[in-house]
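**Q** This is run15.cif (mmCIF, C-alpha atoms).
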data_target
loop_
_atom_site.label_atom_id
_atom_site.label_comp_id
_atom_site.auth_asym_id
_atom_site.auth_seq_id
_atom_site.Cartn_x
_atom_site.Cartn_y
_atom_site.Cartn_z
CA MET A 221 -15.83 211.17 -21.34
CA LEU A 222 -12.68 212.39 -22.95
CA ARG A 223 -10.78 211.83 -19.77
CA ARG A 224 -8.46 208.88 -20.03
CA ALA A 225 -8.50 205.79 -17.93
CA LYS A 226 -5.23 206.63 -16.27
CA LYS A 227 -6.48 209.28 -13.92
CA ASN A 228 -3.75 211.81 -13.53
CA PRO A 229 -0.80 211.26 -15.79
CA GLY A 230 0.86 214.47 -14.68
CA ARG A 231 1.03 213.46 -11.05
CA ASP A 232 4.47 211.89 -11.32
CA LEU A 233 5.72 215.11 -12.86
CA ARG A 234 4.64 217.23 -9.93
CA GLY A 235 7.40 215.94 -7.76
CA GLN A 236 9.93 217.42 -10.11
CA GLY A 237 7.62 220.26 -11.13
CA ASP A 238 9.98 223.10 -10.36
CA SER A 239 12.81 221.68 -12.41
CA VAL A 240 10.53 220.96 -15.39
CA THR A 241 9.24 224.53 -15.17
CA ALA A 242 12.77 225.92 -15.08
CA PHE A 243 13.85 223.66 -17.97
CA LEU A 244 10.92 224.77 -20.07
CA MET A 245 11.39 228.40 -19.16
CA ILE A 246 14.90 228.21 -20.56
CA ALA A 247 13.75 226.33 -23.64
CA PHE A 248 11.00 228.85 -24.34
CA GLY A 249 13.46 231.68 -23.79
CA VAL A 250 15.87 230.20 -26.33
CA LEU A 251 13.16 229.63 -28.92
CA LEU A 252 11.62 233.07 -28.56
CA SER A 253 15.02 234.80 -28.50
CA ILE A 254 16.20 233.11 -31.67
CA ARG A 255 13.05 232.84 -33.73
CA GLU A 256 10.88 235.76 -32.68
CA SER A 257 13.53 238.47 -32.57
CA ARG A 258 14.69 240.20 -35.71
CA SER A 259 18.20 241.12 -36.68
CA LEU A 260 17.25 244.80 -36.63
CA TRP A 261 16.40 244.47 -32.96
CA ILE A 262 19.92 243.46 -32.06
CA LYS A 263 21.36 246.64 -33.52
CA LYS A 264 18.98 248.81 -31.49
CA PRO A 265 18.81 247.19 -28.08
CA ALA A 266 17.08 250.08 -26.32
CA GLN A 267 14.10 249.95 -28.66
CA SER A 268 14.01 246.20 -28.82
CA LEU A 269 13.92 245.93 -25.05
CA SER A 270 10.50 247.55 -25.04
CA HIS A 271 9.45 245.22 -27.88
CA ILE A 272 10.47 242.21 -25.82
CA TRP A 273 8.66 243.24 -22.68
CA GLN A 274 5.61 244.33 -24.61
CA SER A 275 5.56 240.95 -26.27
CA MET A 276 6.02 239.22 -22.93
CA GLY A 277 3.20 241.32 -21.48
CA GLU A 278 0.91 240.07 -24.20
CA PHE A 279 2.14 236.57 -23.51
CA PHE A 280 1.34 236.96 -19.81
CA LEU A 281 -2.12 238.32 -20.52
CA ALA A 282 -2.96 235.47 -22.88
CA LEU A 283 -1.51 232.90 -20.52
CA SER A 284 -3.41 234.27 -17.52
CA PHE A 285 -6.66 234.52 -19.43
CA MET A 286 -6.42 230.95 -20.65
CA THR A 287 -5.45 229.72 -17.21
CA ILE A 288 -8.51 231.36 -15.70
CA PHE A 289 -10.65 230.05 -18.55
CA PHE A 290 -9.53 226.50 -17.93
CA THR A 291 -9.59 226.75 -14.15
CA ALA A 292 -12.93 228.45 -13.63
CA PRO A 293 -15.13 225.42 -14.50
CA THR A 294 -13.28 223.23 -12.03
CA ILE A 295 -14.51 225.46 -9.19
CA PHE A 296 -17.99 224.16 -9.84
CA SER A 297 -18.99 220.60 -9.14
CA GLN A 298 -19.13 219.17 -12.65
CA THR A 299 -16.34 219.94 -15.06
CA PRO A 300 -17.40 219.91 -18.69
CA TRP A 301 -15.20 217.56 -20.71
CA LEU A 302 -14.39 220.32 -23.16
CA VAL A 303 -12.40 222.41 -20.71
CA GLN A 304 -10.54 219.71 -18.89
CA LYS A 305 -6.84 220.24 -18.60
CA ASP A 306 -6.06 217.36 -20.91
CA SER A 307 -7.75 219.00 -23.88
CA LEU A 308 -4.61 220.07 -25.68
CA VAL A 309 -6.45 220.70 -28.94
CA LEU A 310 -8.68 223.30 -27.34
CA ILE A 311 -5.69 224.96 -25.71
CA GLY A 312 -4.02 225.07 -29.12
CA VAL A 313 -7.05 226.61 -30.82
CA LEU A 314 -7.28 229.35 -28.20
CA SER A 315 -3.53 229.97 -28.37
CA TYR A 316 -3.73 230.31 -32.12
CA ALA A 317 -6.53 232.85 -31.73
CA PHE A 318 -4.44 234.84 -29.26
CA SER A 319 -1.31 234.74 -31.40
CA ASN A 320 -3.36 236.00 -34.35
CA LEU A 321 -4.90 238.69 -32.20
CA TYR A 322 -1.47 239.94 -31.17
CA LYS A 323 -0.07 239.41 -34.69
CA LYS A 324 2.63 237.06 -33.47
CA GLY A 325 4.47 234.29 -35.23
CA ASP A 326 4.11 230.56 -35.06
CA VAL A 327 6.73 230.19 -32.35
CA PHE A 328 4.70 232.42 -30.04
CA PHE A 329 1.70 230.19 -30.65
CA LEU A 330 3.64 227.02 -29.89
CA VAL A 331 5.22 228.46 -26.76
CA LEU A 332 1.87 229.76 -25.51
CA THR A 333 0.20 226.38 -26.07
CA LEU A 334 2.89 224.49 -24.22
CA ALA A 335 3.07 227.09 -21.45
CA VAL A 336 -0.68 226.82 -20.79
CA PHE A 337 -0.37 223.06 -20.74
CA LEU A 338 2.54 223.30 -18.30
CA VAL A 339 0.67 225.64 -15.97
CA LEU A 340 -2.44 223.46 -15.92
CA LEU A 341 -0.33 220.38 -15.36
CA GLN A 342 1.84 221.70 -12.55
CA GLN A 343 -0.62 223.48 -10.31
CA ASP A 344 -4.12 222.69 -9.11
CA ASP A 345 -5.44 225.92 -7.67
CA LEU A 346 -5.98 229.22 -9.39
CA SER A 347 -3.60 231.26 -7.26
CA GLY A 348 -0.76 228.77 -7.80
CA ARG A 349 -1.39 228.77 -11.51
CA LEU A 350 -1.38 232.54 -11.75
CA LEU A 351 1.82 232.67 -9.75
CA LEU A 352 3.38 230.21 -12.16
CA CYS A 353 2.23 232.40 -15.07
CA LEU A 354 4.00 235.32 -13.43
CA LYS A 355 7.17 233.26 -12.98
CA LEU A 356 7.10 232.22 -16.63
CA TYR A 357 6.58 235.82 -17.72
CA LEU A 358 9.49 237.09 -15.66
CA GLY A 359 11.79 234.18 -16.44
CA ILE A 360 11.32 234.18 -20.19
CA GLY A 361 11.50 237.98 -20.32
CA PHE A 362 14.71 237.97 -18.30
CA PHE A 363 16.23 235.33 -20.56
CA GLN A 364 15.34 237.25 -23.70
CA THR A 365 16.70 240.50 -22.27
CA CYS A 366 20.04 238.93 -21.34
CA PHE A 367 20.25 237.17 -24.69
CA LEU A 368 19.59 240.37 -26.59
CA GLY A 369 22.16 242.30 -24.57
CA LEU A 370 24.86 239.71 -25.06
CA ARG A 371 24.13 239.38 -28.77
CA HIS A 372 24.40 243.15 -29.05
CA ARG A 373 27.79 243.11 -27.32
CA LEU A 374 28.96 240.39 -29.67
CA LEU A 375 28.54 242.77 -32.60
CA PHE A 376 31.59 244.66 -31.33
CA SER A 377 33.82 241.69 -30.67
CA ASN A 378 36.18 239.85 -32.94
CA LEU A 379 34.63 236.45 -32.84
CA PRO A 380 36.46 233.63 -34.63
CA VAL A 381 34.68 232.48 -37.76
CA SER A 382 34.49 228.94 -36.48
CA MET A 383 32.40 230.09 -33.52
CA GLN A 384 30.06 232.42 -35.35
CA GLY A 385 26.43 231.49 -35.76
CA TRP A 386 24.94 228.59 -33.88
CA PRO A 387 27.92 227.67 -31.66
CA VAL A 388 28.08 231.08 -30.03
CA LEU A 389 24.31 231.35 -29.74
CA CYS A 390 24.16 228.01 -27.92
CA LEU A 391 27.06 229.08 -25.71
CA LEU A 392 25.30 232.31 -24.76
CA ALA A 393 22.11 230.42 -24.03
CA SER A 394 24.11 228.03 -21.86
CA PHE A 395 25.66 230.84 -19.82
CA ILE A 396 22.34 232.63 -19.31
CA SER A 397 20.60 229.41 -18.32
CA LEU A 398 23.40 228.74 -15.85
CA VAL A 399 22.73 232.08 -14.20
CA MET A 400 18.99 231.50 -14.22
CA TRP A 401 19.46 228.02 -12.83
CA LYS A 402 21.49 229.32 -9.92
CA VAL A 403 19.03 232.17 -9.29
CA ALA A 404 16.12 229.71 -9.31
CA GLN A 405 17.90 227.50 -6.80
CA MET B 218 6.24 230.79 -41.80
CA LYS B 219 9.78 232.04 -41.69
CA LEU B 220 12.17 229.38 -40.53
CA PRO B 221 15.70 228.57 -41.54
CA GLU B 222 15.94 225.83 -44.09
CA SER B 223 19.36 224.45 -43.26
CA LEU B 224 19.39 221.09 -41.53
CA LEU B 225 21.65 222.29 -38.72
CA SER B 226 19.25 225.09 -37.77
CA ARG B 227 16.28 222.80 -37.92
CA VAL B 228 17.93 220.10 -35.83
CA ILE B 229 19.18 222.53 -33.17
CA LEU B 230 15.84 224.28 -32.86
CA ALA B 231 14.09 220.92 -32.73
CA TYR B 232 16.43 219.78 -29.96
CA VAL B 233 15.72 222.79 -27.71
CA PRO B 234 12.34 221.49 -26.37
CA PHE B 235 14.22 218.36 -25.32
CA LEU B 236 15.74 220.38 -22.49
CA ALA B 237 12.56 219.56 -20.61
CA TYR B 238 13.22 215.82 -20.88
CA GLY B 239 16.81 216.30 -19.77
CA ALA B 240 16.77 214.35 -16.55
CA SER B 241 15.54 211.10 -18.04
CA PHE B 242 17.38 209.14 -20.71
CA ASN B 243 14.43 206.89 -21.53
CA ARG B 244 11.99 209.73 -21.88
CA MET B 245 14.35 211.59 -24.13
CA CYS B 246 14.85 208.62 -26.44
CA PHE B 247 11.14 207.91 -26.51
CA ALA B 248 10.35 211.54 -27.28
CA ALA B 249 12.95 211.55 -30.08
CA ALA B 250 11.35 208.41 -31.55
CA CYS B 251 7.94 210.09 -31.34
CA VAL B 252 9.28 213.15 -33.14
CA ALA B 253 10.80 211.06 -35.92
CA VAL B 254 7.71 208.89 -36.40
CA VAL B 255 5.24 211.79 -36.35
CA PHE B 256 7.51 213.74 -38.69
CA TRP B 257 7.57 210.85 -41.17
CA VAL B 258 3.82 210.30 -40.90
CA THR B 259 3.24 214.02 -41.33
CA VAL B 260 5.34 214.44 -44.45
CA PHE B 261 3.91 211.26 -45.95
CA PHE B 262 0.21 211.58 -45.26
CA PHE B 263 -0.10 215.32 -45.02
CA TRP B 264 1.47 215.66 -48.43
CA PHE B 265 -1.43 213.72 -49.91
CA ILE B 266 -4.30 214.95 -47.77
CA ARG B 267 -3.34 218.60 -47.91
CA ARG B 268 -5.36 219.01 -51.09
CA PHE B 269 -8.53 218.50 -49.03
CA PHE B 270 -7.87 221.72 -47.15
CA PRO B 271 -8.27 225.16 -48.69
CA GLU B 272 -4.87 226.73 -49.21
CA ARG B 273 -5.66 229.54 -46.79
CA PHE B 274 -6.16 227.08 -43.97
CA LEU B 275 -3.22 224.85 -44.70
CA LYS B 276 -1.15 226.09 -41.79
CA GLN B 277 -4.04 225.86 -39.39
CA ALA B 278 -4.72 222.31 -40.52
CA PHE B 279 -1.07 221.45 -39.97
CA PHE B 280 -1.19 222.82 -36.43
CA LEU B 281 -4.40 220.95 -35.69
CA TRP B 282 -2.77 217.80 -37.02
CA LEU B 283 0.18 218.36 -34.70
CA LEU B 284 -2.04 219.06 -31.71
CA ALA B 285 -4.09 215.95 -32.37
CA TRP B 286 -0.93 213.84 -32.46
CA ALA B 287 0.39 215.40 -29.28
CA GLN B 288 -2.94 214.80 -27.57
CA ALA B 289 -3.04 211.19 -28.75
CA VAL B 290 0.47 210.48 -27.50
CA TRP B 291 -0.31 212.21 -24.21
CA TYR B 292 -3.36 209.97 -23.74
CA GLY B 293 -1.59 206.86 -24.84
CA THR B 294 1.79 207.11 -23.18
CA SER B 295 1.68 210.08 -20.74
CA LEU B 296 4.56 211.68 -22.60
CA GLU B 297 4.30 215.44 -22.20
CA PRO B 298 3.71 217.24 -25.50
CA TRP B 299 6.86 219.37 -25.54
CA TRP B 300 8.07 217.28 -28.48
CA MET B 301 5.31 218.77 -30.62
CA ALA B 302 7.45 221.88 -31.10
CA SER B 303 10.30 219.68 -32.33
CA VAL B 304 8.18 218.27 -35.15
CA PHE B 305 7.27 221.80 -36.15
CA PHE B 306 10.89 222.93 -36.25
CA LEU B 307 12.02 219.83 -38.09
CA THR B 308 9.47 220.32 -40.84
CA PRO B 309 11.00 222.25 -43.74
CA VAL B 310 9.60 225.62 -44.74
CA SER B 311 8.69 224.47 -48.22
CA PHE B 312 6.33 221.89 -46.80
CA LEU B 313 3.58 224.43 -46.17
CA GLU B 314 4.20 226.72 -49.09
CA GLN B 315 1.02 227.22 -50.98
CA GLY B 316 2.56 226.67 -54.39
CA ASN B 317 3.68 223.14 -53.54
CA GLN B 318 0.61 221.10 -54.31
CA ALA B 319 0.62 217.36 -54.28
CA SER B 320 -1.60 217.37 -57.35
CA HIS B 321 1.25 218.87 -59.36
CA VAL B 322 3.37 215.76 -58.81
CA ARG B 323 2.46 212.38 -60.18
CA VAL B 324 2.37 209.60 -57.65
CA PHE B 325 4.66 207.36 -59.66
CA SER B 326 7.13 210.04 -60.61
CA ARG B 327 10.77 209.96 -59.53
CA VAL B 328 10.35 213.11 -57.49
CA LEU B 329 8.33 211.52 -54.73
CA PRO B 330 10.77 208.76 -53.68
CA ARG B 331 13.60 211.30 -53.56
CA TYR B 332 11.43 213.73 -51.59
CA PHE B 333 10.42 211.11 -49.06
CA TRP B 334 13.92 209.69 -48.85
CA GLU B 335 15.30 213.12 -47.94
CA ARG B 336 12.63 213.55 -45.28
CA PHE B 337 13.31 210.07 -43.99
CA LEU B 338 17.00 210.88 -43.65
CA ALA B 339 16.20 214.14 -41.85
CA GLY B 340 14.04 212.33 -39.28
CA PHE B 341 16.59 209.57 -38.91
CA GLY B 342 19.39 212.10 -38.53
CA PHE B 343 17.50 213.94 -35.81
CA LEU B 344 16.85 210.67 -34.00
CA GLY B 345 20.54 209.81 -34.22
CA PHE B 346 21.54 213.30 -33.09
CA VAL B 347 19.35 213.17 -29.99
CA MET B 348 20.44 209.62 -29.17
CA ALA B 349 24.11 210.54 -29.52
CA LEU B 350 23.72 213.56 -27.24
CA ALA B 351 21.67 211.51 -24.75
CA VAL B 352 24.35 208.79 -24.64
CA LEU B 353 27.06 211.41 -24.22
CA GLN B 354 25.04 213.01 -21.45
CA GLU B 355 24.65 209.65 -19.72
CA VAL B 356 28.36 208.95 -19.96
CA LEU B 357 29.28 212.37 -18.59
CA THR B 358 26.82 212.16 -15.70
CA GLN B 359 27.07 208.49 -14.78
CA ARG B 360 30.67 207.72 -15.55
CA PHE B 361 32.37 211.04 -14.85
CA LYS B 362 29.80 212.28 -12.32
CA ILE B 363 29.48 215.71 -13.92
CA LEU B 364 25.88 216.29 -12.93
CA MET B 365 25.67 219.63 -14.69
CA PHE B 366 24.92 217.80 -17.93
CA TYR B 367 21.55 216.71 -16.59
CA PHE B 368 20.45 220.32 -16.61
CA PRO B 369 19.87 222.85 -19.41
CA PRO B 370 23.24 224.67 -19.07
CA GLY B 371 25.12 221.41 -19.59
CA MET B 372 22.82 220.26 -22.36
CA LEU B 373 23.24 223.57 -24.14
CA LEU B 374 26.99 223.22 -23.73
CA LEU B 375 26.77 219.84 -25.45
CA LEU B 376 24.70 221.47 -28.15
CA THR B 377 27.42 224.11 -28.55
CA GLY B 378 29.98 221.37 -29.09
CA ALA B 379 27.76 219.61 -31.60
CA ALA B 380 27.09 222.84 -33.50
CA PHE B 381 30.79 223.69 -33.51
CA LEU B 382 31.75 220.27 -34.87
CA TRP B 383 28.98 220.38 -37.44
CA LYS B 384 29.93 223.85 -38.63
CA ASN B 385 33.63 223.09 -38.86
CA GLN B 386 33.43 219.85 -40.77
CA SER B 387 36.16 219.46 -43.35
CA PHE B 388 33.53 219.23 -46.09
CA HIS B 389 31.94 222.53 -45.07
CA ARG B 390 35.31 224.23 -44.75
CA SER B 391 36.47 223.10 -48.17
CA GLN B 392 33.16 224.24 -49.64
CA ALA B 393 33.48 227.63 -47.96
CA ALA B 394 37.05 227.97 -49.18
CA HIS B 395 35.93 227.11 -52.70
CA TYR B 396 33.32 229.86 -52.71
CA ALA B 397 35.66 232.34 -51.06
CA SER B 398 38.47 231.90 -53.60
CA PRO B 399 38.51 234.35 -56.52
CA ARG B 400 37.16 232.89 -59.72
CA LYS B 401 39.38 232.50 -62.75
CA LYS B 402 38.78 234.83 -65.63
CA LYS B 403 37.19 233.29 -68.65
CA SER B 404 39.10 233.57 -71.90
CA GLY B 405 36.26 235.44 -73.62
CA ALA B 406 35.75 237.93 -70.84
CA ARG B 407 36.19 241.58 -71.59
CA PRO B 408 39.58 242.84 -70.38
CA GLN B 409 39.51 245.48 -67.68
CA ARG B 410 40.55 249.01 -68.48
CA THR B 411 43.98 250.03 -67.33
CA ARG B 412 45.26 253.51 -67.03
#
Show me the file's structure as structure tokens.

**A**
Amino acid sequence: MLRRAKKNPGRDLRGQGDSVTAFLMIAFGVLLSIRESRSLWIKKPAQSLSHIWQSMGEFFLALSFMTIFFTAPTIFSQTPWLVQKDSLVLIGVLSYAFSNLYKKGDVFFLVLTLAVFLVLLQQDDLSGRLLLCLKLYLGIGFFQTCFLGLRHRLLFSNLPVSMQGWPVLCLLASFISLVMWKVAQ
Amino acid sequence: MKLPESLLSRVILAYVPFLAYGASFNRMCFAAACVAVVFWVTVFFFWFIRRFFPERFLKQAFFLWLLAWAQAVWYGTSLEPWWMASVFFLTPVSFLEQGNQASHVRVFSRVLPRYFWERFLAGFGFLGFVMALAVLQEVLTQRFKILMFYFPPGMLLLLTGAAFLWKNQSFHRSQAAHYASPRKKKSGARPQRTR
């Protein structure tokens, strides 16, 4: 059996599951906003908004499909070792296939892999997992939308040179995550 | 793969998945050590074994390698695999370029020690960066009781400070000023036309 001796390593995480989910939602939002968006998108926010939500829709579909794929065998009595929730390699292979199918970059693949792992780790039943998928979809999409809007507004502001680039991007991410954190609470 | 090559970008992007380990100092340090060790092992061994993979599948092999490491660490230590993304971001773009073949470089050439030394410093620098931010976070939360720094907004604020200090180093500023200053005309240069 591939399953490890220590029976459920994710159990201790479940107590603080909501906070880990919120932390990762913010992290995924930052990574996708910075690495998956293009500079052209910032100049045309109306068009790029549809790009973002289309991309997040594809993310949600892939995430939901993989969640169902990994949950369905557990409904039956014997779970094949190949589709247990600890099989990160299999999750990665499927995520890579999905990111290629949607013609996405490597960051999308990484985020999808880790998101599937998070969903399988945090929830036990199918309905809870799908609800978590929906939360991730909305949360990451909201983060990306806010980030895009604020970056667009920054184009028209006289930002000091010392703050341009990474400092202001991190500051924006901090403000948005503060709002999301309060909303989640 | 299109990723920024500068060390600052790589370090900041590699730090972002650490937001998930934010509430625990030990976990964060352990995850940073994992990132550094796997990064070193990757650049050392993968550089030599990459010739066994067809060039088309080099990226896929790299991802499988990463996934296998994340799975192994998950089995061994129950550390969640969020750090896997950090190794990916820390790895330089040129690492997976198809033109860079290990067979083109002799094993006993001077290029290899310099290459590995630079990678070693990058991993060590990332480890130091994460440790410094984790210690600062502990001081701010334990000593000054500012609990916000346990959470992503506070951690990103720390990251803002680090990025600001990094960007405005005196060395960087002097270099920028050097490139911004107008160059002197050479003596043999053609004189400009005047009316």

**Q** Tell me as a ChimeraX atom specification which residues belonging to chain B come within 9 Å of chain A, counting all atoms listed in the file.

**A** /B:218-220,225-226,229-230,233-239,277,280-281,284-285,287-288,291-299,301-302,305,368-382,384-385

**Q** Can you translate the PyMOL selection byres ((chain A and resi 346-351) around 9) into the concrete residues it hits in this file, as a ChimeraX atom specification?

**A** /A:283-284,287-288,291-292,339-340,342-345,352-356

**Q** Just checking: using all atoms listed in the file, which residue out of B:Gln359, B:Ser303, B:Thr259, B:Ser387 ends up closest to Phe343 of chain B?

**A**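 Using all atoms listed in the file, Phe343 of chain B sits closest to B:Ser303.
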
**Q** Give me, please, the distance in Å between atom CA of Ala231 of chain B and atom CA of Trp300 of chain B, quoted to one decimal.

**A**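 Atom-to-atom, atom CA of Ala231 of chain B to atom CA of Trp300 of chain B, that is 8.2 Å.
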
**Q** Mind telling me what the PyMOL selection byres ((chain B and resi 339) around 10) catches here, as an MDAnalysis selection string?

**A** chainID B and resid 224 227:228 253 256:257 307:309 333:338 340:345

**Q** Between B:Phe366, B:Phe279, B:Phe274, B:Phe306, single out the one closest to Phe262 of chain B, counting all atoms listed in the file.

**A**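 Of B:Phe366, B:Phe279, B:Phe274, B:Phe306, the one nearest Phe262 of chain B, counting all atoms listed in the file, is B:Phe279.
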
**Q** Provide an axis-aligned box for all listed atoms of segment 269-278 of chain A, padding each side by 8 Å; report its centre and its edge lengths in Å to one decimal, as JSON.

**A**
{"center_x": 7.4, "center_y": 243.4, "center_z": -24.7, "size_x": 29.0, "size_y": 24.3, "size_z": 22.4}

**Q** Give me, please, the distance in Å between atom CA of Ser319 of chain A and atom CA of Met276 of chain A, quoted to one decimal.

**A**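 Atom-to-atom, atom CA of Ser319 of chain A and atom CA of Met276 of chain A are spaced 12.1 Å apart.
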
**Q** Report, in Å to a single decimal, how far apart atom CA of Cys251 of chain B and atom CA of Phe270 of chain B are.

**A**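 Taking atom CA of Phe270 of chain B as the start and atom CA of Cys251 of chain B as the end point, the length is 25.2 Å.
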
**Q** Would you pick out the contacts of Thr358 of chain B at 12 Å or less, using only C-alpha atoms, so that residues sharing its chain but fewer than 4 positions from it are not included, and give the list as a list of chain:residue names?

**A**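 Final neighbour list, sorted by chain and number: B:Gly239, B:Ala240, B:Ser241, B:Phe242, B:Ala351, B:Val352, B:Leu353, B:Gln354, B:Lys362, B:Ile363, B:Leu364, B:Met365, B:Phe366, B:Tyr367, B:Phe368, B:Gly371, B:Met372.
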
**Q** Using only C-alpha atoms, please write the residues we just selected to a file, as an mmCIF file, in the coordinates of the input.

**A**
data_model
loop_
_atom_site.group_PDB
_atom_site.id
_atom_site.type_symbol
_atom_site.label_atom_id
_atom_site.label_comp_id
_atom_site.auth_asym_id
_atom_site.auth_seq_id
_atom_site.Cartn_x
_atom_site.Cartn_y
_atom_site.Cartn_z
ATOM 1 C CA GLY B 239 16.810 216.300 -19.770
ATOM 2 C CA ALA B 240 16.770 214.350 -16.550
ATOM 3 C CA SER B 241 15.540 211.100 -18.040
ATOM 4 C CA PHE B 242 17.380 209.140 -20.710
ATOM 5 C CA ALA B 351 21.670 211.510 -24.750
ATOM 6 C CA VAL B 352 24.350 208.790 -24.640
ATOM 7 C CA LEU B 353 27.060 211.410 -24.220
ATOM 8 C CA GLN B 354 25.040 213.010 -21.450
ATOM 9 C CA LYS B 362 29.800 212.280 -12.320
ATOM 10 C CA ILE B 363 29.480 215.710 -13.920
ATOM 11 C CA LEU B 364 25.880 216.290 -12.930
ATOM 12 C CA MET B 365 25.670 219.630 -14.690
ATOM 13 C CA PHE B 366 24.920 217.800 -17.930
ATOM 14 C CA TYR B 367 21.550 216.710 -16.590
ATOM 15 C CA PHE B 368 20.450 220.320 -16.610
ATOM 16 C CA GLY B 371 25.120 221.410 -19.590
ATOM 17 C CA MET B 372 22.820 220.260 -22.360
#
